[in-house]
$ cat input26.txt   # compact mmCIF, C-alpha atoms
# COMPACT_ATOMS: atom_id res chain seq x y z
CA MET A 1 -11.39 -13.80 -12.80
CA PRO A 2 -9.29 -12.31 -10.00
CA VAL A 3 -5.60 -13.21 -10.30
CA SER A 4 -4.33 -16.01 -8.03
CA TYR A 5 -1.19 -14.40 -6.65
CA ILE A 6 -0.02 -17.29 -4.46
CA PRO A 7 0.75 -19.68 -7.38
CA ARG A 8 2.20 -16.80 -9.42
CA THR A 9 4.56 -15.90 -6.56
CA ARG A 10 5.66 -19.54 -6.35
CA GLU A 11 6.47 -19.46 -10.07
CA LEU A 12 8.26 -16.10 -9.93
CA TYR A 13 10.38 -17.18 -6.97
CA ALA A 14 10.91 -20.77 -8.13
CA ASP A 15 14.64 -20.18 -8.72
CA PHE A 16 15.25 -19.24 -5.10
CA ASN A 17 16.62 -21.90 -2.77
CA ASN A 18 13.82 -21.55 -0.27
CA PRO A 19 10.28 -21.77 -1.57
CA TYR A 20 8.18 -18.74 -0.71
CA ARG A 21 6.06 -19.46 2.34
CA TRP A 22 2.83 -17.55 2.82
CA VAL A 23 1.58 -16.42 6.16
CA THR A 24 -1.60 -18.33 6.88
CA ASN A 25 -3.54 -17.30 9.94
CA GLU A 26 -6.26 -19.44 11.48
CA SER A 27 -7.98 -16.71 13.45
CA VAL A 28 -9.01 -13.14 12.77
CA PRO A 29 -8.17 -10.31 15.19
CA TRP A 30 -11.13 -8.06 15.87
CA THR A 31 -11.65 -4.71 17.55
CA PRO A 32 -15.13 -3.28 17.08
CA LEU A 33 -15.39 0.33 15.95
CA THR A 34 -17.24 2.11 18.75
CA LYS A 35 -18.11 5.37 16.98
CA PRO A 36 -18.97 6.57 13.48
CA ILE A 37 -16.01 6.88 11.09
CA ALA A 38 -16.91 10.60 10.85
CA GLN A 39 -15.66 10.92 14.43
CA CYS A 40 -12.61 8.69 14.04
CA LYS A 41 -8.94 9.47 13.73
CA VAL A 42 -7.82 7.38 10.74
CA ALA A 43 -4.18 6.50 9.98
CA LEU A 44 -2.84 5.51 6.56
CA ILE A 45 -0.04 3.07 5.76
CA SER A 46 1.07 1.93 2.32
CA SER A 47 3.48 -0.88 1.50
CA GLY A 48 4.19 0.88 -1.81
CA GLY A 49 7.67 2.16 -0.87
CA ILE A 50 6.90 5.89 -0.53
CA MET A 51 9.65 8.28 0.61
CA TYR A 52 9.38 11.94 1.62
CA ARG A 53 11.97 14.44 0.36
CA ASP A 54 15.45 13.24 1.40
CA GLN A 55 14.39 10.08 3.26
CA ALA A 56 16.59 7.07 2.47
CA ARG A 57 15.32 4.64 -0.12
CA PHE A 58 14.33 1.10 0.76
CA HIS A 59 16.47 -2.01 0.42
CA ARG A 60 15.72 -5.72 0.15
CA GLU A 61 14.53 -7.22 3.43
CA ASP A 62 14.17 -3.69 4.76
CA ALA A 63 11.68 -3.69 7.64
CA SER A 64 12.05 0.03 8.34
CA TYR A 65 9.29 2.52 7.67
CA ARG A 66 9.01 6.17 6.76
CA ARG A 67 6.85 8.87 8.32
CA ILE A 68 5.26 11.06 5.70
CA PRO A 69 3.75 14.38 6.79
CA LYS A 70 0.18 14.70 5.59
CA SER A 71 1.09 18.18 4.29
CA ALA A 72 3.44 16.55 1.71
CA THR A 73 2.95 17.65 -1.89
CA ARG A 74 3.38 15.30 -4.85
CA GLU A 75 6.79 16.86 -5.53
CA ASP A 76 7.88 15.85 -2.02
CA LEU A 77 7.25 12.13 -2.67
CA ASN A 78 9.36 9.46 -4.32
CA ILE A 79 8.77 5.76 -4.75
CA TRP A 80 11.14 2.82 -4.65
CA HIS A 81 9.93 -0.78 -4.78
CA PHE A 82 11.33 -3.94 -6.36
CA GLY A 83 8.05 -5.81 -6.61
CA TYR A 84 5.56 -3.82 -8.71
CA PRO A 85 5.77 -1.45 -11.70
CA THR A 86 5.90 1.97 -10.05
CA LYS A 87 5.37 4.17 -13.13
CA ASP A 88 1.74 5.04 -12.39
CA ALA A 89 2.36 5.51 -8.67
CA GLN A 90 5.29 7.82 -9.49
CA ALA A 91 2.93 9.87 -11.65
CA ASP A 92 0.26 9.93 -8.93
CA PRO A 93 1.10 8.38 -5.54
CA ASN A 94 -2.63 8.27 -4.72
CA CYS A 95 -2.71 4.97 -6.70
CA VAL A 96 -1.15 3.22 -3.69
CA PHE A 97 -0.92 6.00 -1.08
CA PRO A 98 -4.24 7.88 -1.16
CA TRP A 99 -3.27 10.67 1.22
CA GLU A 100 -4.81 13.41 -0.92
CA ARG A 101 -8.12 11.53 -1.08
CA LEU A 102 -8.15 11.01 2.70
CA LYS A 103 -7.43 14.71 3.23
CA GLN A 104 -10.36 15.41 0.94
CA LEU A 105 -12.60 13.08 3.00
CA GLU A 106 -11.36 14.86 6.14
CA ARG A 107 -12.37 18.24 4.66
CA GLU A 108 -15.76 16.82 3.69
CA LYS A 109 -16.18 15.45 7.23
CA VAL A 110 -16.55 11.86 6.03
CA ILE A 111 -13.75 10.92 8.44
CA GLY A 112 -12.98 12.73 11.68
CA GLU A 113 -9.30 13.26 11.06
CA LEU A 114 -6.39 11.87 9.04
CA HIS A 115 -3.60 11.08 11.48
CA ASP A 116 -0.36 12.97 10.90
CA PRO A 117 2.01 11.49 9.78
CA CYS A 118 1.09 8.82 7.26
CA PHE A 119 3.37 5.77 7.02
CA SER A 120 5.01 3.71 4.31
CA PHE A 121 7.36 0.76 3.99
CA MET A 122 8.44 -1.46 1.12
CA GLY A 123 6.40 -4.64 0.98
CA GLY A 124 7.80 -7.93 -0.27
CA ILE A 125 9.72 -8.49 2.95
CA TYR A 126 10.65 -12.18 2.96
CA SER A 127 10.88 -12.46 6.72
CA ALA A 128 7.42 -12.60 8.27
CA ARG A 129 9.24 -12.69 11.62
CA LYS A 130 10.78 -9.23 10.95
CA VAL A 131 7.37 -7.82 10.11
CA ARG A 132 5.73 -9.41 13.15
CA SER A 133 8.43 -8.62 15.71
CA GLU A 134 9.93 -5.35 14.41
CA LEU A 135 7.89 -3.39 11.88
CA ALA A 136 4.33 -4.02 13.09
CA PRO A 137 4.88 -3.47 16.85
CA GLN A 138 6.68 -0.15 16.28
CA ILE A 139 3.85 1.21 14.18
CA ALA A 140 1.19 -0.22 16.51
CA ASP A 141 2.87 1.60 19.43
CA GLU A 142 2.80 4.89 17.54
CA LEU A 143 -0.87 4.43 16.70
CA LYS A 144 -1.81 3.60 20.29
CA ARG A 145 0.08 6.59 21.65
CA ALA A 146 -1.69 8.85 19.14
CA LYS A 147 -5.10 7.30 20.00
CA VAL A 148 -5.80 6.37 16.40
CA ASP A 149 -9.23 4.73 16.00
CA ALA A 150 -8.92 3.09 12.58
CA PHE A 151 -5.88 1.96 10.58
CA TYR A 152 -6.16 1.81 6.79
CA LEU A 153 -3.59 -0.50 5.16
CA VAL A 154 -2.99 -0.21 1.42
CA PRO A 155 -0.74 -2.81 -0.23
CA ALA A 156 0.95 -2.28 -3.57
CA MET B 1 -7.45 -2.67 0.87
CA THR B 2 -6.50 -5.64 -1.31
CA SER B 3 -6.10 -6.68 -4.93
CA ALA B 4 -4.95 -10.21 -4.04
CA ILE B 5 -7.96 -12.03 -2.73
CA ASP B 6 -6.18 -15.37 -2.26
CA ILE B 7 -3.44 -13.82 -0.11
CA THR B 8 -5.91 -11.80 1.94
CA SER B 9 -8.05 -14.92 2.50
CA ALA B 10 -4.97 -16.65 3.94
CA VAL B 11 -3.76 -13.73 6.06
CA LYS B 12 -7.23 -12.91 7.39
CA PRO B 13 -7.19 -9.22 8.30
CA PRO B 14 -10.18 -8.05 10.36
CA ARG B 15 -11.82 -6.18 7.46
CA ALA B 16 -10.89 -5.89 3.79
CA VAL B 17 -12.22 -4.39 0.57
CA PHE B 18 -11.10 -5.99 -2.68
CA VAL B 19 -10.62 -4.19 -5.98
CA ASN B 20 -9.67 -6.26 -9.03
CA PHE B 21 -6.97 -3.93 -10.38
CA PRO B 22 -3.35 -4.70 -11.38
CA LEU B 23 -0.71 -4.45 -8.64
CA GLY B 24 0.29 -0.86 -8.02
CA HIS B 25 -3.27 0.48 -8.35
CA GLN B 26 -5.01 -0.66 -5.18
CA THR B 27 -6.64 2.73 -4.71
CA GLY B 28 -7.21 3.52 -8.37
CA LYS B 29 -5.77 4.82 -11.61
CA PRO B 30 -3.30 7.72 -11.76
CA ASN B 31 -4.89 11.16 -11.97
CA HIS B 32 -8.44 9.78 -11.66
CA PRO B 33 -9.34 11.47 -8.37
CA GLU B 34 -13.04 10.57 -8.66
CA LEU B 35 -12.35 6.84 -8.98
CA GLN B 36 -9.72 7.01 -6.23
CA LYS B 37 -12.17 8.77 -3.96
CA ARG B 38 -14.92 6.20 -4.54
CA ILE B 39 -12.54 3.34 -3.68
CA VAL B 40 -11.25 5.05 -0.52
CA LEU B 41 -14.81 5.99 0.46
CA ASP B 42 -15.88 2.35 0.09
CA ALA B 43 -12.98 1.35 2.32
CA MET B 44 -13.96 3.92 4.97
CA HIS B 45 -17.56 2.66 4.90
CA GLY B 46 -16.15 -0.84 5.38
CA PHE B 47 -14.95 0.21 8.84
CA GLU B 48 -18.58 0.86 9.79
CA THR B 49 -20.45 -1.81 7.87
CA ILE B 50 -18.31 -4.93 8.17
CA ALA B 51 -19.64 -6.76 11.22
CA ARG B 52 -18.21 -10.26 10.75
CA PRO B 53 -14.44 -10.63 11.36
CA GLY B 54 -12.56 -11.62 8.21
CA THR B 55 -15.12 -10.27 5.74
CA ILE B 56 -13.74 -9.28 2.32
CA VAL B 57 -16.08 -6.91 0.46
CA GLU B 58 -15.71 -7.07 -3.33
CA LEU B 59 -15.94 -3.66 -5.01
CA PRO B 60 -17.60 -3.40 -8.43
CA TYR B 61 -14.94 -1.40 -10.31
CA ILE B 62 -13.56 -2.79 -13.56
CA TRP B 63 -10.05 -1.88 -14.71
CA ASP B 64 -10.88 -1.94 -18.44
CA PRO B 65 -14.23 -3.28 -19.66
CA ASN B 66 -12.79 -3.94 -23.12
CA ASP B 67 -9.57 -5.66 -22.13
CA ARG B 68 -9.11 -8.14 -19.31
CA SER B 69 -5.80 -9.47 -20.66
CA TRP B 70 -3.89 -7.77 -17.82
CA GLU B 71 -5.10 -10.59 -15.55
CA ALA B 72 -3.05 -13.12 -17.52
CA ARG B 73 0.11 -10.96 -17.39
CA ASP B 74 0.11 -9.43 -13.90
CA TYR B 75 2.90 -10.75 -11.67
CA THR B 76 4.30 -13.26 -14.16
CA LYS B 77 7.87 -13.66 -15.44
CA GLY B 78 8.91 -10.72 -17.62
CA TRP B 79 6.11 -8.51 -16.33
CA MET B 80 8.28 -6.18 -14.23
CA PRO B 81 9.77 -3.38 -16.35
CA GLU B 82 13.53 -3.06 -16.09
CA ARG B 83 14.51 -1.05 -13.06
CA PRO B 84 17.19 1.61 -12.83
CA SER B 85 20.67 0.25 -12.00
CA LYS B 86 21.92 0.53 -8.42
CA GLU B 87 24.26 3.29 -9.57
CA ALA B 88 21.40 5.26 -11.12
CA ALA B 89 19.28 4.79 -8.00
CA ASP B 90 22.17 5.90 -5.74
CA ARG B 91 22.66 8.97 -7.91
CA GLU B 92 18.96 9.85 -7.71
CA GLU B 93 19.03 9.42 -3.94
CA ALA B 94 22.13 11.63 -3.58
CA GLU B 95 20.47 14.32 -5.70
CA ARG B 96 17.39 14.23 -3.49
CA ARG B 97 19.57 14.67 -0.38
CA VAL B 98 21.35 17.67 -1.86
CA ARG B 99 18.04 19.23 -2.91
CA TYR B 100 16.81 19.34 0.69
CA TRP B 101 20.00 20.53 2.35
CA THR B 102 19.27 23.84 3.95
$ encode --input "input26.txt" --output "structure tokens"
Amino acid sequence: MPVSYIPRTRELYADFNNPYRWVTNESVPWTPLTKPIAQCKVALISSGGIMYRDQARFHREDASYRRIPKSATREDLNIWHFGYPTKDAQADPNCVFPWERLKQLEREKVIGELHDPCFSFMGGIYSARKVRSELAPQIADELKRAKVDAFYLVPA
Amino acid sequence: MTSAIDITSAVKPPRAVFVNFPLGHQTGKPNHPELQKRIVLDAMHGFETIARPGTIVELPYIWDPNDRSWEARDYTKGWMPERPSKEAADREEAERRVRYWT
């Protein structure tokens, strides 16, 4: 049976003064894909807390994000996240940040192009307002300017 | 991509593919490039095949066919391994900065 994460989060955060409130949306945004994925520019974002080389690590309630060149090697990447065990992702970031797999699919012409750079932030941000009014619009602007066709979000 | 089907059902992204793996492994196991590729490929196909807004496609991969006990432990009290102290993390960050000074 798939894990029910909403009740488990309530239990984990039960000692906090404010109960954890989930975002519940009533409607679904929708933009149809107008061409085959093999002709699309695809962008990757991971909430797994990935940092490139000397980029600053993440902090609690940190709604900033990092740009990660698609040419990054495994040695260039580090991971910092308070909310999931990062051991496996440290060993192979593709567990939560599958940039090497997407580059492979680009070479095999399954996707048109992997947008450069990839993006990461640290999930578990308490303030949905910060995500909605700061983090998401900045990234959306970058994607629009770069004419990205499809945005692949990987949580951690 | 999602491993938390109840959260994704509440948030309602346009398209999602669900894999029932522990947190931290949404696109597969470490150093299993074939499994990772299949999951990412399924997600890319989702862009083309999902026609109804809010659809969550469930992928068939099983974390460990002989042991499903991770489902009882994932994201419960005591499940997070101890993290490095702030001092240790600051030291690691400072070392990274020095390494890339040119």
$ interface_residues --input "input26.txt" --of "chain A" --to "chain B" --cutoff "8 Å" --atoms "only C-alpha atoms" --output "mmCIF file with C-alpha atoms, keeping the file's coordinate frame"
data_model
loop_
_atom_site.group_PDB
_atom_site.id
_atom_site.type_symbol
_atom_site.label_atom_id
_atom_site.label_comp_id
_atom_site.auth_asym_id
_atom_site.auth_seq_id
_atom_site.Cartn_x
_atom_site.Cartn_y
_atom_site.Cartn_z
ATOM 1 C CA MET A 1 -11.390 -13.800 -12.800
ATOM 2 C CA PRO A 2 -9.290 -12.310 -10.000
ATOM 3 C CA VAL A 3 -5.600 -13.210 -10.300
ATOM 4 C CA SER A 4 -4.330 -16.010 -8.030
ATOM 5 C CA TYR A 5 -1.190 -14.400 -6.650
ATOM 6 C CA ILE A 6 -0.020 -17.290 -4.460
ATOM 7 C CA ARG A 8 2.200 -16.800 -9.420
ATOM 8 C CA THR A 9 4.560 -15.900 -6.560
ATOM 9 C CA GLU A 11 6.470 -19.460 -10.070
ATOM 10 C CA LEU A 12 8.260 -16.100 -9.930
ATOM 11 C CA TRP A 22 2.830 -17.550 2.820
ATOM 12 C CA VAL A 23 1.580 -16.420 6.160
ATOM 13 C CA THR A 24 -1.600 -18.330 6.880
ATOM 14 C CA ASN A 25 -3.540 -17.300 9.940
ATOM 15 C CA GLU A 26 -6.260 -19.440 11.480
ATOM 16 C CA SER A 27 -7.980 -16.710 13.450
ATOM 17 C CA VAL A 28 -9.010 -13.140 12.770
ATOM 18 C CA PRO A 29 -8.170 -10.310 15.190
ATOM 19 C CA TRP A 30 -11.130 -8.060 15.870
ATOM 20 C CA LEU A 33 -15.390 0.330 15.950
ATOM 21 C CA PRO A 36 -18.970 6.570 13.480
ATOM 22 C CA ILE A 37 -16.010 6.880 11.090
ATOM 23 C CA GLY A 48 4.190 0.880 -1.810
ATOM 24 C CA ARG A 53 11.970 14.440 0.360
ATOM 25 C CA ASP A 54 15.450 13.240 1.400
ATOM 26 C CA GLN A 55 14.390 10.080 3.260
ATOM 27 C CA ALA A 56 16.590 7.070 2.470
ATOM 28 C CA ARG A 57 15.320 4.640 -0.120
ATOM 29 C CA PHE A 82 11.330 -3.940 -6.360
ATOM 30 C CA GLY A 83 8.050 -5.810 -6.610
ATOM 31 C CA TYR A 84 5.560 -3.820 -8.710
ATOM 32 C CA PRO A 85 5.770 -1.450 -11.700
ATOM 33 C CA THR A 86 5.900 1.970 -10.050
ATOM 34 C CA ASP A 88 1.740 5.040 -12.390
ATOM 35 C CA ALA A 89 2.360 5.510 -8.670
ATOM 36 C CA ALA A 91 2.930 9.870 -11.650
ATOM 37 C CA ASP A 92 0.260 9.930 -8.930
ATOM 38 C CA PRO A 93 1.100 8.380 -5.540
ATOM 39 C CA ASN A 94 -2.630 8.270 -4.720
ATOM 40 C CA CYS A 95 -2.710 4.970 -6.700
ATOM 41 C CA VAL A 96 -1.150 3.220 -3.690
ATOM 42 C CA PHE A 97 -0.920 6.000 -1.080
ATOM 43 C CA PRO A 98 -4.240 7.880 -1.160
ATOM 44 C CA ARG A 101 -8.120 11.530 -1.080
ATOM 45 C CA LEU A 102 -8.150 11.010 2.700
ATOM 46 C CA LEU A 105 -12.600 13.080 3.000
ATOM 47 C CA ILE A 111 -13.750 10.920 8.440
ATOM 48 C CA ALA A 150 -8.920 3.090 12.580
ATOM 49 C CA TYR A 152 -6.160 1.810 6.790
ATOM 50 C CA LEU A 153 -3.590 -0.500 5.160
ATOM 51 C CA VAL A 154 -2.990 -0.210 1.420
ATOM 52 C CA PRO A 155 -0.740 -2.810 -0.230
ATOM 53 C CA ALA A 156 0.950 -2.280 -3.570
#
$ atom_distance --input "input26.txt" --atom1 "CA of Arg129 (chain A)" --atom2 "CA of Asp141 (chain A)"
17.5 Å
$ atom_distance --input "input26.txt" --atom1 "CA of Pro69 (chain A)" --atom2 "CA of Ala128 (chain A)"
27.3 Å
$ closest_residue --input "input26.txt" --among "A:Asp15, A:Asp62, A:Asp149, A:Asp76" --to "Gly112 (chain A)" --atoms "all atoms listed in the file"
A:Asp149
$ residues_around --input "input26.txt" --residues "Ile139 (chain A)" --least-positions-apart "5" --cutoff "12 Å" --atoms "only C-alpha atoms" --output "list in words"
Ala43, Leu44, Ile45, Ala63, Ser64, Tyr65, Arg66, Arg67, Pro117, Cys118, Phe119, Ser120, Phe121, Val131, Arg132, Ser133, Glu134, Lys144, Arg145, Ala146, Val148, Phe151 and Leu153 of chain A
$ decode --input "input26.txt" --residues "region 4-18 of chain A" --atoms "N, CA and C atoms" --output "compact mmCIF listing (two decimals), in the first residue's frame"
# COMPACT_ATOMS: atom_id res chain seq x y z
N SER A 4 0.69 6.92 3.21
CA SER A 4 -0.09 8.15 3.31
C SER A 4 0.77 9.19 4.02
N TYR A 5 1.31 10.12 3.25
CA TYR A 5 2.27 11.07 3.80
C TYR A 5 1.61 12.22 4.55
N ILE A 6 0.37 12.52 4.26
CA ILE A 6 -0.27 13.65 4.96
C ILE A 6 -0.43 13.33 6.45
N PRO A 7 -1.03 12.19 6.84
CA PRO A 7 -1.10 11.90 8.28
C PRO A 7 0.27 11.73 8.92
N ARG A 8 1.23 11.18 8.19
CA ARG A 8 2.58 11.02 8.79
C ARG A 8 3.23 12.37 9.02
N THR A 9 3.01 13.33 8.13
CA THR A 9 3.56 14.67 8.35
C THR A 9 2.91 15.30 9.57
N ARG A 10 1.60 15.12 9.72
CA ARG A 10 0.91 15.67 10.90
C ARG A 10 1.53 15.11 12.18
N GLU A 11 1.83 13.80 12.17
CA GLU A 11 2.43 13.19 13.37
C GLU A 11 3.83 13.71 13.61
N LEU A 12 4.64 13.78 12.54
CA LEU A 12 6.03 14.23 12.68
C LEU A 12 6.11 15.66 13.18
N TYR A 13 5.16 16.49 12.77
CA TYR A 13 5.21 17.91 13.10
C TYR A 13 4.25 18.26 14.23
N ALA A 14 3.79 17.25 14.95
CA ALA A 14 2.76 17.47 15.97
C ALA A 14 3.24 18.38 17.09
N ASP A 15 4.57 18.42 17.33
CA ASP A 15 5.09 19.22 18.44
C ASP A 15 5.19 20.71 18.10
N PHE A 16 5.04 21.03 16.81
CA PHE A 16 5.11 22.43 16.42
C PHE A 16 3.84 23.15 16.87
N ASN A 17 3.96 24.47 17.04
CA ASN A 17 2.80 25.23 17.50
C ASN A 17 1.69 25.26 16.46
N ASN A 18 2.11 25.45 15.21
CA ASN A 18 1.10 25.52 14.15
C ASN A 18 1.01 24.19 13.44
